[in-house]
Structures are given as C-alpha cells and as structure tokens.
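Below: the structure, in structure tokens.
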Amino acid sequence: MTERDRTKRDRQAEDDREWSSSGLAMRDAIDQWRHWAASTIAPIEVTVFDPDSFAARWVSHGIGQLRLLQLHAPAQRVTHTGAEGAAMRATPSIQLVYSQQGAMKTLMGGRRFTLETGQFVLLDNTRFYQMEMETEHRALDLMMPQSWVEKYLPDVGIHLGRPIDTREGWGAPLGALLECLASRLKASTLPRSLIAEQIGNLLALATGVLEANDTNPPRNRHRGQLARLILRRIENDYADPDLTPDRVATDCGISRSYLQTLLAASGTSFVQELNATRLERAGDMLSDPRARSLPIAEIAYRNGFLDPGYFSRLFRKRFGITPREWRAGHAPQS
C-alpha cells in the first residue's frame, strides 16, 4: 500500500462516527435521532411509536464515495415526501436498505410491500417513500450517490422498490459483504475505495444487470434518468388535475409514445403511477384528523380528481373499501 492510499484510508477511518441514546434525556435523544436521520439519510419525518421507551443507536462508516449506516432503532415510521424544492440537506442518492432484523412495511411508487429480514431494497431518496417498523429492528443503510450507482446499474429506476433476498443467488455474497463490513471494516487494510468497487460489482450481479449482457449502458442510463424525471414529476404535481402524459412529455422534450415506452420498461404506466399516487395521498388525508371536516369531494379535488364519483370507484377498486369507510377507521393495515 502506498503512503497516499494509507493516508486516504486513515482519513476515512477518522470519519467513522457513532451515537447512542444511552444516557440522554428521552426528549433530547429523540430530537437528536430525528435531526440526524433528516440530515444524513434524507429529509425524512420520523414518528416514534413509543417515545417513553425510546432507545436507538447508529454507526456510520465512509467507504469511498459511499456511506454505510448501521441502525439499531425502535418501532417507528419514516416518511420521505420527495417534494421538489424541499430542503435537501442530504445529497440525492440511492439507498440500499438491508433488514437484518425486523420487517419493514414499505410504500414507494404506489406499491406496497414488506421488506423481510434478510432482504434488501433500493430506494431513491428524491422520491416519496414510507417505511413502517412495528417492532425494534436492525438494518444497514448504504448511501450511494446516484452518479456512482449508474456506473454499475445504468437503468437504476427499474430496480427500485424490488426486494432482493440475501440468501439466494448473487444476493448472498452481497449480503455477506455488507454484514462483514458492518463488523470488521475498521480492521480492514484494503483501501475503502476498492471495497466500494466490490460492492458495486456485486450489486450489479445481484440485480441481474451483468447477466443481461447490456451492450449500450450510456443509452440505458439516459433512459433511466428520463423515467425517474417523469416519476418525480408525477409525485410533485399529482394534485394538478391537468397533469397529462402529453404535457409531461412536452416538458421533457420527448413524444408521448416514448414516455409510455420508458415507463413500460419499469413495469408501469403514466396513468397507473398517477392514480396510485393520488389515491395513496387521498388515503393519508382521509386518515388525518386535521382533515376530518373536509368533505370527501374536497379531498378528491385536492388530490387531482375532478369527479368525486370516479374517485370513489377507483378508491374502492384499489383498497377494497370506500373513502367513507376508510375515514371511519376501516383502512387495511399496510
């Protein structure tokens, strides 16, 4: 190892940090936990389910351009709005969230799924997502700059929100590497930038990118960026009743047919994403005590639906109950 490599390794090791709620007043501990999460992971809102028994711990390691976070956390809900213009104190990135212990009920891109122990999922921290953990849990959260990820996953958008098991296929060596880094990184003499490269290669294998024999990564990277731009536009402007595929395509400088092709490659469509986002946000509003006095027709309008009857039909088709039943407390558990 050269002196320069040794210096870089030592500099990253000095950047390792850790924190514990032990010994802190409960209110101070929760405030510090929320502030750290919002400034390090993403501008998320954290709801702790049992503040009176709060206990948490985090450890942070720099690995080249990446940051590996070890989280020991209580039952909680984290919500990232992904709103355009939000005070993004954390650099836009892709998160690899790996559940070491405890289930994580997740909502992202209009899809609900549960991240089970031993699985990881990729999330885009410029987009809306919500994760709910009903019990104490442990997780690894690998923060990766989007530009870095795209060197290994040119079309990263198609891999978002799709749980991968670390006990099967190439997910197994990636999971083993992350576990090892969490416990033994400080003892490693290998430059951390090289470790980051190994993570990137295993991530490509685990998601099937290298097996797909991709012959045109620059083109696919551009397509992925466009698809994410479209999805972010939907999540930011879903309440606009005049939001249409033609309007978004024009704003992006592409045709409507190409817009639909981009989203189809990610297994979705413009109408599917728009309706899913509007209905999820309407469900949140129906559950919010602050919106209790609003008529259901007004909630429909505020979420982009001009026809309350059409809204109610779509709502029942998606959730199995009417908006009125949802408001009455019969919403299905995520």
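A note on labels: chains of the structure tokens are A, B, ... as shown, every chain counts residues from 1, and ligands are counted from 1 in their shown order.
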- Item | All alpha helix (DSSP H) residues (DSSP, backbone) inside range 109-155 of chain A, as a PyMOL selection string | chain A and resi 146-149
- Query: Gly267 in chain A: which residues within 12 Å, counting only C-alpha atoms, same-chain residues fewer than 6 positions away excluded, as a PyMOL selection string?
  - Reply: chain A and resi 109+111+157-162+227+260-261+273
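Take the candidates A:Ser20, A:Leu96, A:Pro163, A:Thr79 and check each one against Ala38 in chain A using only C-alpha atoms; the shortest distance goes to A:Thr79.
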- Item | Selected residue, from A:Lys105, A:Glu134, A:Gln65, A:Arg77, that lies nearest to Trp148 in chain A when counting only C-alpha atoms |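 Among A:Lys105, A:Glu134, A:Gln65, A:Arg77, it is A:Gln65 that comes nearest to Trp148 in chain A.
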Might you pull out every residue within 12 Å of Arg292 in chain A, with only C-alpha atoms counted and same-chain residues fewer than 5 positions away left off, and present them as a PDB file with N, CA, C and O atoms, in the first residue's frame?
```
ATOM      1  N   ASP A 284     -54.044   9.057   2.890  1.00  0.00           N
ATOM      2  CA  ASP A 284     -53.366   9.742   4.000  1.00  0.00           C
ATOM      3  C   ASP A 284     -54.219  10.887   4.530  1.00  0.00           C
ATOM      4  O   ASP A 284     -54.327  11.092   5.751  1.00  0.00           O
ATOM      5  N   MET A 285     -54.836  11.637   3.618  1.00  0.00           N
ATOM      6  CA  MET A 285     -55.639  12.779   4.036  1.00  0.00           C
ATOM      7  C   MET A 285     -56.905  12.321   4.759  1.00  0.00           C
ATOM      8  O   MET A 285     -57.336  12.939   5.748  1.00  0.00           O
ATOM      9  N   LEU A 286     -57.502  11.232   4.293  1.00  0.00           N
ATOM     10  CA  LEU A 286     -58.703  10.712   4.947  1.00  0.00           C
ATOM     11  C   LEU A 286     -58.409  10.234   6.369  1.00  0.00           C
ATOM     12  O   LEU A 286     -59.292  10.225   7.237  1.00  0.00           O
ATOM     13  N   SER A 287     -57.166   9.818   6.613  1.00  0.00           N
ATOM     14  CA  SER A 287     -56.775   9.339   7.946  1.00  0.00           C
ATOM     15  C   SER A 287     -56.290  10.454   8.856  1.00  0.00           C
ATOM     16  O   SER A 287     -56.057  10.227  10.044  1.00  0.00           O
ATOM     17  N   GLU A 298     -64.087  17.279  -1.562  1.00  0.00           N
ATOM     18  CA  GLU A 298     -62.981  18.234  -1.479  1.00  0.00           C
ATOM     19  C   GLU A 298     -61.638  17.505  -1.433  1.00  0.00           C
ATOM     20  O   GLU A 298     -60.653  17.941  -2.036  1.00  0.00           O
ATOM     21  N   ILE A 299     -61.598  16.391  -0.706  1.00  0.00           N
ATOM     22  CA  ILE A 299     -60.363  15.595  -0.654  1.00  0.00           C
ATOM     23  C   ILE A 299     -60.032  15.054  -2.041  1.00  0.00           C
ATOM     24  O   ILE A 299     -58.873  15.048  -2.458  1.00  0.00           O
ATOM     25  N   ARG A 324     -65.376   6.689   2.470  1.00  0.00           N
ATOM     26  CA  ARG A 324     -66.090   6.929   3.722  1.00  0.00           C
ATOM     27  C   ARG A 324     -65.741   5.855   4.760  1.00  0.00           C
ATOM     28  O   ARG A 324     -65.542   6.146   5.944  1.00  0.00           O
ATOM     29  N   TRP A 326     -62.984   4.111   4.794  1.00  0.00           N
ATOM     30  CA  TRP A 326     -61.571   4.347   5.154  1.00  0.00           C
ATOM     31  C   TRP A 326     -61.492   5.403   6.252  1.00  0.00           C
ATOM     32  O   TRP A 326     -60.789   5.230   7.243  1.00  0.00           O
ATOM     33  N   ARG A 327     -62.242   6.489   6.069  1.00  0.00           N
ATOM     34  CA  ARG A 327     -62.229   7.584   7.048  1.00  0.00           C
ATOM     35  C   ARG A 327     -62.780   7.105   8.391  1.00  0.00           C
ATOM     36  O   ARG A 327     -62.351   7.583   9.450  1.00  0.00           O
ATOM     37  N   ALA A 328     -63.700   6.141   8.381  1.00  0.00           N
ATOM     38  CA  ALA A 328     -64.307   5.644   9.605  1.00  0.00           C
ATOM     39  C   ALA A 328     -63.378   4.714  10.383  1.00  0.00           C
ATOM     40  O   ALA A 328     -63.732   4.220  11.453  1.00  0.00           O
ATOM     41  N   GLY A 329     -62.176   4.474   9.841  1.00  0.00           N
ATOM     42  CA  GLY A 329     -61.204   3.675  10.569  1.00  0.00           C
ATOM     43  C   GLY A 329     -61.075   2.241  10.104  1.00  0.00           C
ATOM     44  O   GLY A 329     -60.487   1.415  10.797  1.00  0.00           O
TER      45      GLY A 329
END
```
- Message: At a cut-off of 10 Å, using only C-alpha atoms, what residues contact Asn275 in chain A? Leave out same-chain residues fewer than 3 positions from it and give the result as a list in words.
- Response: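 Counting only C-alpha atoms, the residues come to Gly110, Ile234, Tyr238, Phe270, Val271, Gln272, Arg278, Leu279, Glu280, Arg281, Asn303, Gly304, Phe305, Phe311, Leu314, Phe315 and Arg318 of chain A.
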Could you take the residues named above and write them with N, CA, C and O atoms, as an mmCIF file, in the first residue's frame?
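Saved to out.cif:
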```
data_model
loop_
_atom_site.group_PDB
_atom_site.id
_atom_site.type_symbol
_atom_site.label_atom_id
_atom_site.label_comp_id
_atom_site.auth_asym_id
_atom_site.auth_seq_id
_atom_site.Cartn_x
_atom_site.Cartn_y
_atom_site.Cartn_z
ATOM 1 N N GLY A 110 -46.320 3.990 -5.412
ATOM 2 C CA GLY A 110 -47.644 3.418 -5.483
ATOM 3 C C GLY A 110 -47.704 1.943 -5.156
ATOM 4 O O GLY A 110 -48.766 1.328 -5.230
ATOM 5 N N ILE A 234 -44.655 13.283 -11.529
ATOM 6 C CA ILE A 234 -45.951 12.791 -11.061
ATOM 7 C C ILE A 234 -46.080 12.981 -9.555
ATOM 8 O O ILE A 234 -47.114 13.453 -9.048
ATOM 9 N N TYR A 238 -48.987 15.648 -8.652
ATOM 10 C CA TYR A 238 -50.138 14.752 -8.728
ATOM 11 C C TYR A 238 -51.466 15.463 -8.471
ATOM 12 O O TYR A 238 -52.519 15.063 -8.977
ATOM 13 N N PHE A 270 -48.021 5.769 -17.090
ATOM 14 C CA PHE A 270 -48.275 7.100 -16.541
ATOM 15 C C PHE A 270 -49.566 7.110 -15.716
ATOM 16 O O PHE A 270 -49.588 7.583 -14.578
ATOM 17 N N VAL A 271 -50.645 6.571 -16.282
ATOM 18 C CA VAL A 271 -51.933 6.583 -15.578
ATOM 19 C C VAL A 271 -51.859 5.744 -14.307
ATOM 20 O O VAL A 271 -52.388 6.133 -13.256
ATOM 21 N N GLN A 272 -51.196 4.609 -14.382
ATOM 22 C CA GLN A 272 -51.066 3.749 -13.196
ATOM 23 C C GLN A 272 -50.339 4.471 -12.071
ATOM 24 O O GLN A 272 -50.777 4.452 -10.913
ATOM 25 N N ARG A 278 -52.140 9.569 -6.409
ATOM 26 C CA ARG A 278 -53.294 10.355 -5.948
ATOM 27 C C ARG A 278 -54.094 9.599 -4.892
ATOM 28 O O ARG A 278 -54.505 10.174 -3.880
ATOM 29 N N LEU A 279 -54.316 8.310 -5.099
ATOM 30 C CA LEU A 279 -55.122 7.533 -4.156
ATOM 31 C C LEU A 279 -54.399 7.345 -2.827
ATOM 32 O O LEU A 279 -55.015 7.385 -1.757
ATOM 33 N N GLU A 280 -53.073 7.124 -2.877
ATOM 34 C CA GLU A 280 -52.307 6.974 -1.628
ATOM 35 C C GLU A 280 -52.353 8.268 -0.823
ATOM 36 O O GLU A 280 -52.549 8.247 0.399
ATOM 37 N N ARG A 281 -52.184 9.399 -1.500
ATOM 38 C CA ARG A 281 -52.208 10.673 -0.779
ATOM 39 C C ARG A 281 -53.623 10.977 -0.261
ATOM 40 O O ARG A 281 -53.781 11.545 0.822
ATOM 41 N N ASN A 303 -56.638 16.164 -4.456
ATOM 42 C CA ASN A 303 -55.691 15.150 -4.917
ATOM 43 C C ASN A 303 -55.809 14.884 -6.418
ATOM 44 O O ASN A 303 -55.378 13.831 -6.899
ATOM 45 N N GLY A 304 -56.394 15.868 -7.136
ATOM 46 C CA GLY A 304 -56.363 15.817 -8.591
ATOM 47 C C GLY A 304 -57.561 15.203 -9.274
ATOM 48 O O GLY A 304 -57.597 15.113 -10.499
ATOM 49 N N PHE A 305 -58.591 14.795 -8.500
ATOM 50 C CA PHE A 305 -59.788 14.187 -9.099
ATOM 51 C C PHE A 305 -60.900 15.219 -9.188
ATOM 52 O O PHE A 305 -61.355 15.749 -8.173
ATOM 53 N N PHE A 311 -63.489 9.146 -8.416
ATOM 54 C CA PHE A 311 -62.524 8.961 -7.331
ATOM 55 C C PHE A 311 -62.950 7.808 -6.418
ATOM 56 O O PHE A 311 -62.149 6.941 -6.077
ATOM 57 N N LEU A 314 -62.440 4.377 -8.140
ATOM 58 C CA LEU A 314 -61.027 3.996 -8.189
ATOM 59 C C LEU A 314 -60.519 3.620 -6.794
ATOM 60 O O LEU A 314 -59.746 2.663 -6.634
ATOM 61 N N PHE A 315 -60.964 4.380 -5.793
ATOM 62 C CA PHE A 315 -60.514 4.144 -4.418
ATOM 63 C C PHE A 315 -60.953 2.755 -3.953
ATOM 64 O O PHE A 315 -60.166 1.990 -3.392
ATOM 65 N N ARG A 318 -59.014 -0.039 -5.659
ATOM 66 C CA ARG A 318 -57.634 -0.204 -5.197
ATOM 67 C C ARG A 318 -57.567 -0.759 -3.781
ATOM 68 O O ARG A 318 -56.750 -1.636 -3.482
#
```
- Closest to Asp165 in chain A among A:Phe54, A:Phe120, A:Phe49, A:Phe319, using only C-alpha atoms? A:Phe120
- Task: Have a look at A:Leu123, A:Leu24, A:Ala29, A:Ile199 and name the one nearest to Leu174 in chain A; count only C-alpha atoms.
- Result: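 Closest to Leu174 in chain A, using only C-alpha atoms: A:Ile199.
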- Task: DSSP on the backbone, then: every residue of range 29-103 of chain A marked strand (DSSP E), written as a ChimeraX atom specification.
- Result: /A:45-48,57-63,66-73,76-80,93-101
- Would you please work out which residue, of A:Ile63, A:Cys252, A:Leu115, A:Ile321, is nearest to Pro191 in chain A when using only C-alpha atoms? A:Ile63
- Item | 12 Å contact set for Tyr258 in chain A, only C-alpha atoms, chain neighbours under 4 positions out, as a ChimeraX atom specification | /A:223,226-227,230,245-246,248-250,252-254,262-265,269-270
Output for the residues just chosen: N, CA, C and O atoms as a JSON list (two decimals), in the first residue's frame:
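File produced: part00.json:
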```json
[["chain", "number", "residue", "atom", "x", "y", "z"],
["A", 223, "ARG", "N", -32.08, 6.74, -20.52],
["A", 223, "ARG", "CA", -33.47, 6.32, -20.42],
["A", 223, "ARG", "C", -33.91, 6.25, -18.95],
["A", 223, "ARG", "O", -35.01, 6.65, -18.60],
["A", 226, "LEU", "N", -34.49, 9.73, -17.57],
["A", 226, "LEU", "CA", -35.75, 10.29, -18.05],
["A", 226, "LEU", "C", -36.94, 9.68, -17.31],
["A", 226, "LEU", "O", -37.88, 10.38, -16.92],
["A", 227, "ALA", "N", -36.91, 8.35, -17.12],
["A", 227, "ALA", "CA", -38.01, 7.68, -16.42],
["A", 227, "ALA", "C", -38.14, 8.21, -15.00],
["A", 227, "ALA", "O", -39.26, 8.47, -14.51],
["A", 230, "ILE", "N", -39.76, 11.65, -14.99],
["A", 230, "ILE", "CA", -41.20, 11.57, -15.19],
["A", 230, "ILE", "C", -41.90, 11.18, -13.89],
["A", 230, "ILE", "O", -42.91, 11.77, -13.50],
["A", 245, "PRO", "N", -50.04, 12.85, -19.71],
["A", 245, "PRO", "CA", -48.82, 12.34, -20.34],
["A", 245, "PRO", "C", -48.31, 13.29, -21.43],
["A", 245, "PRO", "O", -47.10, 13.48, -21.57],
["A", 246, "ASP", "N", -49.24, 13.89, -22.19],
["A", 246, "ASP", "CA", -48.80, 14.80, -23.27],
["A", 246, "ASP", "C", -48.07, 16.01, -22.70],
["A", 246, "ASP", "O", -47.05, 16.43, -23.25],
["A", 248, "VAL", "N", -46.47, 16.30, -19.76],
["A", 248, "VAL", "CA", -45.17, 15.94, -19.19],
["A", 248, "VAL", "C", -44.19, 15.60, -20.29],
["A", 248, "VAL", "O", -43.01, 15.97, -20.24],
["A", 249, "ALA", "N", -44.65, 14.89, -21.33],
["A", 249, "ALA", "CA", -43.77, 14.54, -22.45],
["A", 249, "ALA", "C", -43.24, 15.80, -23.12],
["A", 249, "ALA", "O", -42.05, 15.90, -23.44],
["A", 250, "THR", "N", -44.12, 16.78, -23.33],
["A", 250, "THR", "CA", -43.70, 18.04, -23.95],
["A", 250, "THR", "C", -42.67, 18.74, -23.09],
["A", 250, "THR", "O", -41.64, 19.24, -23.60],
["A", 252, "CYS", "N", -40.62, 17.43, -21.10],
["A", 252, "CYS", "CA", -39.36, 16.66, -21.11],
["A", 252, "CYS", "C", -38.71, 16.63, -22.48],
["A", 252, "CYS", "O", -37.60, 16.09, -22.63],
["A", 253, "GLY", "N", -39.40, 17.19, -23.49],
["A", 253, "GLY", "CA", -38.84, 17.22, -24.84],
["A", 253, "GLY", "C", -38.87, 15.88, -25.54],
["A", 253, "GLY", "O", -38.02, 15.59, -26.40],
["A", 254, "ILE", "N", -39.88, 15.05, -25.21],
["A", 254, "ILE", "CA", -40.00, 13.73, -25.85],
["A", 254, "ILE", "C", -41.44, 13.55, -26.29],
["A", 254, "ILE", "O", -42.32, 14.34, -25.96],
["A", 262, "LEU", "N", -40.78, 4.38, -21.92],
["A", 262, "LEU", "CA", -39.85, 4.48, -20.80],
["A", 262, "LEU", "C", -40.46, 3.90, -19.53],
["A", 262, "LEU", "O", -39.81, 3.15, -18.80],
["A", 263, "LEU", "N", -41.72, 4.22, -19.27],
["A", 263, "LEU", "CA", -42.36, 3.72, -18.05],
["A", 263, "LEU", "C", -42.69, 2.24, -18.17],
["A", 263, "LEU", "O", -42.64, 1.51, -17.17],
["A", 264, "ALA", "N", -43.03, 1.79, -19.36],
["A", 264, "ALA", "CA", -43.32, 0.36, -19.55],
["A", 264, "ALA", "C", -42.09, -0.49, -19.24],
["A", 264, "ALA", "O", -42.20, -1.60, -18.71],
["A", 265, "ALA", "N", -40.89, 0.05, -19.53],
["A", 265, "ALA", "CA", -39.65, -0.68, -19.24],
["A", 265, "ALA", "C", -39.46, -0.85, -17.74],
["A", 265, "ALA", "O", -38.74, -1.75, -17.29],
["A", 269, "SER", "N", -47.04, 2.48, -15.95],
["A", 269, "SER", "CA", -47.53, 3.42, -16.96],
["A", 269, "SER", "C", -47.82, 4.74, -16.28],
["A", 269, "SER", "O", -47.88, 4.83, -15.05],
["A", 270, "PHE", "N", -48.02, 5.77, -17.09],
["A", 270, "PHE", "CA", -48.27, 7.10, -16.54],
["A", 270, "PHE", "C", -49.57, 7.11, -15.72],
["A", 270, "PHE", "O", -49.59, 7.58, -14.58]]
```
- Item | d(CA of Leu181 in chain A, CA of Ser60 in chain A) in Å |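 CA of Leu181 in chain A sits 11.2 Å away from CA of Ser60 in chain A.
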Might you pull out every residue within 8 Å of Thr207 in chain A, with only C-alpha atoms counted and same-chain residues fewer than 2 positions away left off, and present them as a PDB file with C-alpha atoms, in the first residue's frame?
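The result, stored in part11.pdb:
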```pdb
ATOM      1  CA  HIS A 159     -34.560  -1.910  -9.764  1.00  0.00           C
ATOM      2  CA  ILE A 164     -33.896  -8.977  -3.191  1.00  0.00           C
ATOM      3  CA  LEU A 203     -24.853  -5.099  -6.678  1.00  0.00           C
ATOM      4  CA  ALA A 204     -24.837  -5.399 -10.477  1.00  0.00           C
ATOM      5  CA  LEU A 205     -24.754  -9.186 -10.176  1.00  0.00           C
ATOM      6  CA  VAL A 209     -27.502  -6.311 -14.689  1.00  0.00           C
TER       7      VAL A 209
END
```
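Distance-wise, CA of Thr126 in chain A and CA of Ala73 in chain A end up 23.0 Å apart.
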